[in-house]
>>> print(open('model17.csv').read())   # CSV, C-alpha atoms
chain,number,residue,atom,x,y,z
A,82,MET,CA,177.0,17.7,43.2
A,83,ASP,CA,174.4,16.9,45.9
A,84,ASN,CA,171.8,15.2,43.7
A,85,LEU,CA,172.3,11.5,43.5
A,86,GLY,CA,170.3,11.2,40.3
A,87,GLY,CA,172.3,13.9,38.7
A,88,VAL,CA,175.6,12.2,39.7
A,89,MET,CA,174.4,8.9,38.3
A,90,SER,CA,173.4,10.5,35.1
A,91,LEU,CA,176.8,12.1,34.7
A,92,ILE,CA,178.5,8.8,35.4
A,93,THR,CA,176.5,6.9,32.8
A,94,SER,CA,176.5,9.6,30.1
A,95,THR,CA,180.2,10.7,30.4
A,96,ARG,CA,181.8,7.5,31.6
A,97,GLY,CA,182.9,9.4,34.6
A,98,ILE,CA,183.8,8.3,38.1
A,99,ALA,CA,182.4,9.4,41.5
A,100,LEU,CA,182.5,8.6,45.2
A,101,LEU,CA,179.0,7.7,46.3
A,102,PRO,CA,177.5,6.3,49.5
A,103,ALA,CA,177.2,2.5,49.5
A,104,TYR,CA,173.4,2.6,49.2
A,105,ALA,CA,173.7,4.3,45.7
A,106,LYS,CA,174.9,0.9,44.3
A,107,THR,CA,171.3,-0.3,44.3
A,108,PHE,CA,170.2,2.5,42.0
A,109,LEU,CA,173.0,2.2,39.4
A,110,PRO,CA,172.4,0.3,36.1
A,111,ASP,CA,174.3,-2.9,35.4
A,112,SER,CA,176.5,-0.9,32.9
A,113,VAL,CA,178.1,0.9,35.8
A,114,THR,CA,180.9,-0.9,37.7
A,115,THR,CA,181.3,-0.3,41.4
A,116,ARG,CA,184.2,-0.8,43.8
A,117,PRO,CA,184.1,-0.3,47.6
A,118,LEU,CA,186.8,1.8,49.2
A,119,GLU,CA,189.6,-0.1,50.8
A,120,GLY,CA,190.8,0.6,54.3
A,121,PHE,CA,189.4,3.5,56.3
A,122,THR,CA,186.1,4.6,54.9
A,123,PRO,CA,184.7,8.1,55.7
A,124,THR,CA,181.6,8.5,57.9
A,125,ILE,CA,179.0,11.2,58.3
A,126,ASP,CA,177.2,12.4,61.4
A,127,LEU,CA,173.5,11.4,61.7
A,128,SER,CA,171.0,13.9,63.1
A,129,VAL,CA,167.4,13.1,63.8
A,130,GLY,CA,164.7,15.6,64.6
A,131,TYR,CA,161.2,14.8,65.9
A,132,ARG,CA,158.6,16.3,68.1
A,133,LYS,CA,158.5,14.6,71.6
A,134,ALA,CA,154.7,14.8,71.6
A,135,ASN,CA,154.4,12.6,68.5
A,136,ALA,CA,153.2,9.2,69.8
A,137,SER,CA,153.4,7.4,66.5
A,138,PRO,CA,154.4,3.7,66.8
A,139,ILE,CA,156.4,4.1,63.6
A,140,LEU,CA,158.4,6.9,65.1
A,141,LYS,CA,159.0,4.8,68.3
A,142,LEU,CA,160.3,1.9,66.2
A,143,PHE,CA,162.5,4.2,64.1
A,144,LEU,CA,164.0,5.8,67.3
A,145,SER,CA,164.6,2.3,68.8
A,146,ARG,CA,166.5,1.3,65.6
A,147,VAL,CA,168.5,4.5,65.6
A,148,SER,CA,169.4,3.8,69.2
A,149,GLU,CA,170.5,0.2,68.2
A,150,LEU,CA,172.6,1.7,65.4
A,151,VAL,CA,174.3,4.2,67.7
A,152,ALA,CA,175.1,1.4,70.3
A,153,ARG,CA,176.5,-0.8,67.5
A,154,VAL,CA,178.7,2.0,66.1
A,155,SER,CA,179.9,3.0,69.7
A,156,ASN,CA,180.8,-0.6,70.4
A,157,ASN,CA,182.8,-0.9,67.1
A,158,ALA,CA,184.6,2.4,67.9
A,159,GLU,CA,185.6,1.1,71.3
A,160,ARG,CA,187.1,-2.0,69.8
A,161,MET,CA,189.4,0.0,67.5
>>> encode(input="model17.csv", output="structure tokens")
Amino acid sequence: MDNLGGVMSLITSTRGIALLPAYAKTFLPDSVTTRPLEGFTPTIDLSVGYRKANASPILKLFLSRVSELVARVSNNAERM
């Protein structure tokens, strides 16, 4: 299922289990227990699309933060 709300509904209504991204924890009710994965955790590729002609300061800030994230992930990968 690719709908986070639907997955959360199934978890709460059927007492089921699911693998969710870490950020989903903030949306779950207190009645749902979460446990992080141990050991190697899967990752996903990040793609960003934008128009170069867009001079928005918000876009520039976003792109700088994405660049910082890429650098941090690259540094962590080199250490392993």
>>> atom_distance(input="model17.csv", atom1="atom CA of A:Asn84", atom2="atom CA of A:Thr122")
21.0 Å
>>> closest_residue(input="model17.csv", among="A:Ala134, A:Ile125, A:Leu85, A:Val147", to="A:Leu100", atoms="only C-alpha atoms")
A:Leu85
>>> atom_distance(input="model17.csv", atom1="atom CA of A:Ser145", atom2="atom CA of A:Arg160")
22.9 Å
>>> residues_around(input="model17.csv", residues="A:Ile92", least_positions_apart="4", cutoff="12 Å", atoms="all atoms listed in the file", output="list in words")
Met82, Leu85, Gly86, Gly87, Val88, Arg96, Gly97, Ile98, Ala99, Leu100, Leu101, Leu109, Pro110, Ser112, Val113, Thr114 and Thr115 of chain A
>>> residues_around(input="model17.csv", residues="A:Arg132", least_positions_apart="4", cutoff="12 Å", atoms="only C-alpha atoms", output="list in words")
Ala136, Ser137, Leu140, Lys141 and Leu144 of chain A
>>> atom_distance(input="model17.csv", atom1="atom CA of A:Phe108", atom2="atom CA of A:Ser90")
11.0 Å
